[in-house]
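> Dropping in coords33.tsv, which is TSV, C-alpha atoms:
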```tsv
chain	number	residue	atom	x	y	z
A	289	MET	CA	-68.20	10.39	31.38
A	290	ARG	CA	-65.81	9.45	28.58
A	291	ASP	CA	-66.38	12.70	26.65
A	292	ILE	CA	-65.91	15.01	29.59
A	293	LEU	CA	-62.77	13.23	30.80
A	294	SER	CA	-61.17	13.61	27.38
A	295	ASP	CA	-61.22	17.35	28.08
A	296	LEU	CA	-59.55	16.82	31.44
A	297	GLY	CA	-56.63	14.74	30.29
A	298	PRO	CA	-52.94	15.31	29.69
A	299	GLU	CA	-53.29	16.30	26.02
A	300	LEU	CA	-53.79	20.05	25.84
A	301	SER	CA	-55.73	21.42	22.89
A	302	ASP	CA	-53.44	24.46	22.76
A	303	ALA	CA	-50.34	25.57	24.65
A	304	ASP	CA	-51.84	29.00	25.33
A	305	PRO	CA	-54.27	28.74	28.28
A	306	VAL	CA	-56.54	31.48	26.92
A	307	ARG	CA	-56.77	29.85	23.52
A	308	ARG	CA	-57.29	26.49	25.23
A	309	ALA	CA	-60.25	27.89	27.16
A	310	GLN	CA	-61.69	29.31	23.94
A	311	ILE	CA	-61.42	25.93	22.23
A	312	GLN	CA	-63.03	24.18	25.18
A	313	MET	CA	-65.91	26.63	25.10
A	314	LYS	CA	-66.70	25.52	21.54
A	315	LYS	CA	-66.95	21.85	22.49
A	316	PRO	CA	-70.38	20.30	23.07
A	317	GLN	CA	-71.67	21.01	26.54
A	318	ILE	CA	-71.96	18.04	28.91
A	319	LYS	CA	-74.72	18.06	31.50
A	320	ARG	CA	-73.88	17.04	35.04
A	321	PHE	CA	-74.62	13.31	35.26
A	322	TYR	CA	-74.02	12.68	38.98
A	323	THR	CA	-75.35	13.85	42.34
A	324	VAL	CA	-72.92	12.84	45.07
A	325	VAL	CA	-69.14	13.25	45.03
A	326	SER	CA	-67.30	11.16	47.61
A	327	MET	CA	-63.83	9.87	48.44
A	328	GLU	CA	-62.87	6.32	49.36
A	329	PRO	CA	-59.61	4.72	50.52
A	330	GLU	CA	-58.17	2.45	47.84
A	331	ALA	CA	-55.04	0.53	48.80
A	332	ASP	CA	-52.58	3.23	49.85
A	333	ARG	CA	-54.37	5.96	47.92
A	334	VAL	CA	-57.72	7.77	47.88
A	335	SER	CA	-60.16	7.58	44.98
A	336	VAL	CA	-62.75	10.14	43.94
A	337	ARG	CA	-66.20	8.71	43.21
A	338	LEU	CA	-69.30	10.01	41.51
A	339	ASP	CA	-72.48	8.44	42.88
A	340	GLY	CA	-70.30	5.66	44.27
A	341	ARG	CA	-68.53	4.89	40.99
A	342	SER	CA	-64.83	5.43	40.52
A	343	VAL	CA	-63.81	8.22	38.18
A	344	LYS	CA	-61.63	7.11	35.28
A	345	THR	CA	-58.85	9.07	33.64
A	346	PRO	CA	-58.84	9.52	29.84
A	347	ALA	CA	-56.57	6.45	29.68
A	348	LYS	CA	-59.23	4.57	31.66
A	349	LYS	CA	-57.18	4.31	34.83
A	350	THR	CA	-58.84	4.87	38.18
A	351	LEU	CA	-58.47	8.47	39.35
A	352	THR	CA	-56.73	8.04	42.69
A	353	LEU	CA	-54.70	10.57	44.66
A	354	PRO	CA	-51.82	10.06	47.10
A	355	ASN	CA	-53.76	11.33	50.12
A	356	ALA	CA	-57.11	12.70	51.25
A	357	ALA	CA	-56.00	16.33	51.02
A	358	ALA	CA	-55.13	15.97	47.35
A	359	ALA	CA	-58.27	13.95	46.62
A	360	GLU	CA	-60.38	16.66	48.25
A	361	LEU	CA	-59.06	19.22	45.76
A	362	VAL	CA	-60.29	17.07	42.89
A	363	ALA	CA	-63.56	16.20	44.60
A	364	ALA	CA	-64.23	19.89	45.25
A	365	GLU	CA	-63.94	20.65	41.54
A	366	TRP	CA	-66.51	17.98	40.71
A	367	ARG	CA	-68.83	19.19	43.47
A	368	ALA	CA	-68.58	22.77	42.24
A	369	GLN	CA	-69.94	21.93	38.80
A	370	GLY	CA	-73.37	23.25	38.01
A	371	GLU	CA	-75.91	21.92	35.54
A	372	ILE	CA	-73.25	22.03	32.82
A	373	ILE	CA	-69.75	20.64	33.46
A	374	GLU	CA	-67.03	23.18	32.65
A	375	PRO	CA	-63.66	21.44	32.13
A	376	ALA	CA	-61.84	24.79	32.21
A	377	THR	CA	-62.80	25.12	35.88
A	378	MET	CA	-61.17	21.79	36.82
A	379	PRO	CA	-57.40	22.37	36.57
A	380	VAL	CA	-56.49	20.11	39.51
A	381	THR	CA	-58.43	17.22	37.99
A	382	ARG	CA	-56.67	17.77	34.69
A	383	LEU	CA	-53.29	17.84	36.43
A	384	ALA	CA	-54.07	14.66	38.37
A	385	ASN	CA	-54.99	12.93	35.12
A	386	THR	CA	-51.71	14.10	33.63
A	387	ALA	CA	-49.76	12.68	36.58
A	388	ILE	CA	-51.48	9.31	36.26
A	389	ASP	CA	-51.71	8.93	32.48
A	390	ALA	CA	-48.65	10.78	31.19
A	391	ILE	CA	-46.05	11.19	33.94
A	392	ALA	CA	-46.23	7.96	35.94
A	393	ASP	CA	-44.52	6.08	33.11
A	394	GLN	CA	-42.22	8.97	32.11
A	395	ALA	CA	-41.19	10.42	35.45
A	396	ASP	CA	-37.48	10.37	34.60
A	397	ASP	CA	-38.09	12.34	31.40
A	398	VAL	CA	-40.18	14.97	33.18
A	399	PHE	CA	-37.59	15.24	35.95
A	400	ALA	CA	-34.83	15.71	33.35
A	401	ASP	CA	-36.89	18.37	31.59
A	402	ILE	CA	-37.12	20.45	34.76
A	403	VAL	CA	-33.37	20.09	35.28
A	404	ARG	CA	-32.80	21.28	31.69
A	405	TYR	CA	-34.77	24.42	32.50
A	406	ALA	CA	-32.26	25.16	35.25
A	407	GLY	CA	-29.48	25.11	32.69
A	408	ASN	CA	-31.20	27.93	30.79
A	409	ASP	CA	-33.03	29.56	33.64
A	410	LEU	CA	-34.76	32.92	33.43
A	411	LEU	CA	-32.94	34.14	36.53
A	412	CYS	CA	-29.51	33.71	34.93
A	413	TYR	CA	-30.13	35.94	31.90
A	414	ARG	CA	-30.00	39.63	32.69
A	415	ALA	CA	-30.76	42.78	30.75
A	416	GLU	CA	-27.80	44.88	29.62
A	417	THR	CA	-29.82	48.09	29.68
A	418	PRO	CA	-31.56	50.17	30.94
A	419	GLN	CA	-29.84	50.40	34.31
A	420	GLU	CA	-33.15	50.64	36.16
A	421	LEU	CA	-34.16	47.20	34.86
A	422	VAL	CA	-30.67	45.79	35.47
A	423	ASP	CA	-30.85	46.92	39.09
A	424	ARG	CA	-34.37	45.62	39.56
A	425	GLN	CA	-33.44	42.17	38.23
A	426	ALA	CA	-30.43	42.02	40.51
A	427	GLN	CA	-32.48	42.99	43.54
A	428	ALA	CA	-35.15	40.33	42.91
A	429	TRP	CA	-33.19	37.52	41.26
A	430	ASP	CA	-29.78	37.55	42.97
A	431	PRO	CA	-31.19	36.44	46.36
A	432	VAL	CA	-32.63	33.30	44.73
A	433	LEU	CA	-29.29	32.42	43.15
A	434	GLU	CA	-27.54	33.08	46.45
A	435	TRP	CA	-30.03	30.85	48.27
A	436	LEU	CA	-29.36	28.04	45.76
A	437	ALA	CA	-25.63	28.38	46.28
A	438	THR	CA	-25.82	28.55	50.07
A	439	THR	CA	-28.52	25.93	50.66
A	440	HIS	CA	-27.87	23.44	47.87
A	441	GLY	CA	-24.33	24.20	46.68
A	442	ALA	CA	-25.68	25.00	43.21
A	443	ARG	CA	-23.65	27.97	41.96
A	444	PHE	CA	-25.01	29.23	38.66
A	445	ILE	CA	-23.42	31.84	36.40
A	446	ARG	CA	-25.23	35.07	35.51
A	447	ALA	CA	-25.12	36.22	31.89
A	448	SER	CA	-26.00	39.51	30.19
A	449	GLY	CA	-28.06	39.49	27.03
A	450	ILE	CA	-29.49	36.45	25.27
A	451	VAL	CA	-26.32	34.58	24.29
A	452	HIS	CA	-26.39	31.09	25.79
A	453	GLN	CA	-24.27	30.63	28.91
A	454	ALA	CA	-23.30	27.04	29.64
A	455	GLN	CA	-23.71	26.35	33.33
A	456	PRO	CA	-21.16	24.41	35.43
A	457	GLU	CA	-21.83	20.69	35.60
A	458	ASP	CA	-21.42	20.87	39.37
A	459	ALA	CA	-24.24	23.41	39.59
A	460	ILE	CA	-26.55	21.25	37.46
A	461	ALA	CA	-25.69	18.17	39.51
A	462	ALA	CA	-26.39	20.01	42.77
A	463	PHE	CA	-29.71	21.25	41.43
A	464	ARG	CA	-30.61	17.73	40.29
A	465	HIS	CA	-29.83	16.39	43.76
A	466	ALA	CA	-32.01	19.05	45.41
A	467	LEU	CA	-34.89	18.33	43.05
A	468	SER	CA	-34.64	14.57	43.61
A	469	ARG	CA	-36.67	14.91	46.81
A	470	TYR	CA	-39.69	15.68	44.65
A	471	ALA	CA	-39.64	12.84	42.16
A	472	THR	CA	-43.14	11.34	42.46
A	473	PRO	CA	-45.50	11.70	39.46
A	474	PHE	CA	-47.83	14.13	41.25
A	475	GLU	CA	-44.99	16.29	42.56
A	476	LEU	CA	-43.34	16.37	39.15
A	477	ALA	CA	-46.63	17.20	37.43
A	478	SER	CA	-47.08	20.16	39.76
A	479	LEU	CA	-43.49	21.41	39.59
A	480	HIS	CA	-43.36	21.07	35.82
A	481	VAL	CA	-46.34	23.42	35.58
A	482	VAL	CA	-44.71	25.84	38.03
A	483	THR	CA	-41.51	25.73	35.98
A	484	ALA	CA	-43.27	26.27	32.67
A	485	MET	CA	-45.50	29.06	33.97
A	486	THR	CA	-42.58	30.99	35.50
A	487	GLY	CA	-39.84	30.05	33.03
A	488	SER	CA	-37.69	29.11	35.99
A	489	ALA	CA	-36.86	25.73	37.49
A	490	MET	CA	-35.04	27.63	40.22
A	491	LEU	CA	-38.24	29.35	41.29
A	492	ALA	CA	-40.04	26.00	41.19
A	493	LEU	CA	-37.47	24.54	43.59
A	494	ALA	CA	-37.66	27.62	45.82
A	495	PHE	CA	-41.42	27.08	46.02
A	496	ALA	CA	-41.07	23.34	46.65
A	497	ASP	CA	-38.58	24.00	49.45
A	498	GLN	CA	-40.95	26.59	50.95
A	499	HIS	CA	-38.25	29.22	50.59
A	500	LEU	CA	-40.65	31.39	48.56
A	501	SER	CA	-44.45	31.47	48.34
A	502	LEU	CA	-46.44	31.11	45.13
A	503	ASP	CA	-47.17	34.84	45.01
A	504	GLU	CA	-43.49	35.64	45.55
A	505	ILE	CA	-42.27	33.45	42.70
A	506	TRP	CA	-45.07	34.73	40.45
A	507	GLN	CA	-44.01	38.32	41.06
A	508	ILE	CA	-40.32	37.51	40.56
A	509	ALA	CA	-41.05	35.68	37.30
A	510	HIS	CA	-42.97	38.63	35.88
A	511	LEU	CA	-40.47	41.33	36.78
A	512	ASP	CA	-39.60	42.08	33.14
A	513	GLU	CA	-43.24	42.09	32.09
A	514	ASP	CA	-44.21	44.40	34.94
A	515	TRP	CA	-41.36	46.77	34.08
A	516	THR	CA	-42.55	46.93	30.47
A	517	ASP	CA	-46.13	47.59	31.56
A	518	GLU	CA	-44.98	50.41	33.80
A	519	HIS	CA	-43.15	52.15	30.98
A	520	TRP	CA	-45.22	51.30	27.92
A	521	GLY	CA	-48.65	50.40	29.26
A	522	ALA	CA	-50.32	47.04	29.78
A	523	ASP	CA	-51.41	44.87	26.87
A	524	MET	CA	-54.92	43.59	27.53
A	525	GLU	CA	-54.42	40.27	25.74
A	526	ALA	CA	-51.18	39.68	27.61
A	527	GLN	CA	-52.92	40.45	30.88
A	528	ALA	CA	-55.69	37.95	30.05
A	529	ARG	CA	-53.07	35.27	29.31
A	530	ARG	CA	-51.37	36.06	32.60
A	531	VAL	CA	-54.62	35.61	34.53
A	532	ALA	CA	-55.23	32.28	32.80
A	533	ARG	CA	-51.66	31.12	33.52
A	534	TYR	CA	-52.08	32.04	37.16
A	535	ARG	CA	-55.11	29.75	37.42
A	536	ASP	CA	-52.96	26.89	36.14
A	537	ILE	CA	-50.02	27.60	38.44
A	538	ASP	CA	-52.32	28.12	41.41
A	539	ALA	CA	-53.87	24.69	40.80
A	540	ALA	CA	-50.40	23.14	40.59
A	541	ALA	CA	-49.32	24.87	43.79
A	542	ARG	CA	-52.42	23.78	45.67
A	543	LEU	CA	-51.96	20.17	44.57
A	544	PHE	CA	-48.27	20.22	45.49
A	545	ASN	CA	-49.00	21.70	48.91
A	546	ALA	CA	-51.66	19.06	49.51
A	547	LEU	CA	-49.01	16.39	48.99
A	548	ARG	CA	-46.82	17.70	51.80
A	549	PRO	CA	-46.73	15.53	54.91
A	550	ALA	CA	-49.09	16.76	57.62
A	551	LYS	CA	-47.32	18.53	60.46
```
Would you mind writing the file out in structure tokens?

Amino acid sequence: MRDILSDLGPELSDADPVRRAQIQMKKPQIKRFYTVVSMEPEADRVSVRLDGRSVKTPAKKTLTLPNAAAAELVAAEWRAQGEIIEPATMPVTRLANTAIDAIADQADDVFADIVRYAGNDLLCYRAETPQELVDRQAQAWDPVLEWLATTHGARFIRASGIVHQAQPEDAIAAFRHALSRYATPFELASLHVVTAMTGSAMLALAFADQHLSLDEIWQIAHLDEDWTDEHWGADMEAQARRVARYRDIDAAARLFNALRPAK
């Protein structure tokens, strides 16, 4: 189990998800070594077990989740494995390991990193030309900025071009306050992935607040890329990377949604 879990931990072999998958494919194959996947209450959490034994993270901590819904996502990935275990098909497990091994002791740093994204957010930097793209960005991105201002009092400044625009301290503070509701290691692990995959902490917060769905923020985040594809044609390698990134953000979204209190 030690070898396979090293592939499911917080240390990524490459930042690019496609390249990461290629690297993982070259690693020695590990045969499935268990039959039954189960879940068991453990203190105030739920552990995932293989043939009755607790699963360990790469740092040798017990793999436990905050609730049964989140644990089921991890358990389902282990159940879905065939004769050969494929780490690339277990993104929720990898994210859970990251939350436990890497974020639990550095939650403040991860929280601050998401807030820093807001200070340089994708949605604040607009094209100067062509007008068609300028209009399309305004139509898709302005409502998110307006929602932040109205709902959270976070009023960010739009900028044209790529020159850095310092954002008001009041806006950053308001964003930080809004994000503070999602400060647990598992929530931060999920939202950090959403932020990185979209280039926007604002979209991550809009998703967390259930103001926008995953598909909506994904479409908004790729507005520039879609516009380029429409006018110049799609790049196959870029499309493959986009598909791989979506798998990662979808896993993060599913884990985050599983953490929400049951209604």
> Taking 6 positions as the minimum chain separation for residues in the same chain, which residues sit within 9 Å of stretch 419-428 of chain A when counting all atoms listed in the file? Answer as an NGL selection string.
:A and (411 or 508 or 511-512 or 515)
> Any idea what the distance is between atom CA of A:Ile373 and atom CA of A:Val324?
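Separation between atom CA of A:Ile373 and atom CA of A:Val324: 14.3 Å.
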> Set the distance at 8 Å and use all atoms listed in the file: which residues neighbour A:Ala406 once local chain neighbours fewer than 5 positions away are removed? I'd like the list as a PDB file with C-alpha atoms, in the frame of the given file.

```pdb
ATOM      1  CA  ILE A 460     -26.550  21.250  37.460  1.00  0.00           C
ATOM      2  CA  PHE A 463     -29.710  21.250  41.430  1.00  0.00           C
ATOM      3  CA  SER A 488     -37.690  29.110  35.990  1.00  0.00           C
ATOM      4  CA  ALA A 489     -36.860  25.730  37.490  1.00  0.00           C
ATOM      5  CA  MET A 490     -35.040  27.630  40.220  1.00  0.00           C
TER       6      MET A 490
END
```
> With a distance cut-off of 9 Å and only C-alpha atoms, select the neighbouring residues of A:Thr377, excluding the residue or stretch itself and same-chain residues fewer than 3 positions from it, and output the selection as a list in words.
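Contacts, with the query itself left out: Glu365, Ala368, Gln369, Ile373, Glu374 and Val380 of chain A.
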> Could you jot down the atom CA of A:Leu543 to atom CA of A:Leu361 separation for me, Å, one decimal place?
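About the pair atom CA of A:Leu543 and atom CA of A:Leu361: they are 7.3 Å apart.
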> Can you work out the spacing between atom CA of A:Thr472 and atom CA of A:Ala437 in Å, to one decimal?
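It comes out at 24.7 Å.
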> Could you give me, as a PyMOL selection string, the residues within 6 Å of A:Thr345, counting only C-alpha atoms and dropping anything in the same chain fewer than 4 positions from it?
chain A and resi 349+351+385
> I want to know what sits within 6 Å of A:Ala387, based on all atoms listed in the file, with residues of the same chain fewer than 3 positions away left out; could you give that as a PyMOL selection string?
chain A and resi 384+390-392+473-474+477
> For A:Glu330, which residue among A:Leu410, A:Asp503, A:Ala356, A:Asp401 is the nearest when counting all atoms listed in the file?
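Closest to A:Glu330 of all the choices is A:Ala356.
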> So which one's closest to A:Ala471, A:Asn355, A:Ser342, A:Gln527, A:Gln394? Using only C-alpha atoms, please.
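Nearest to A:Ala471: A:Gln394.
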> Using all atoms listed in the file, find the one residue out of A:Val334, A:Gln455, A:Gly370, A:Thr486 that sits nearest to A:Gln317.
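Nearest candidate to A:Gln317 out of A:Val334, A:Gln455, A:Gly370, A:Thr486: A:Gly370.
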> Using only C-alpha atoms, find the one residue out of A:Thr352, A:Thr438, A:Thr323, A:Gln507 that sits nearest to A:Leu491.
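Once distances to A:Leu491 are computed over only C-alpha atoms, the minimum belongs to A:Gln507.
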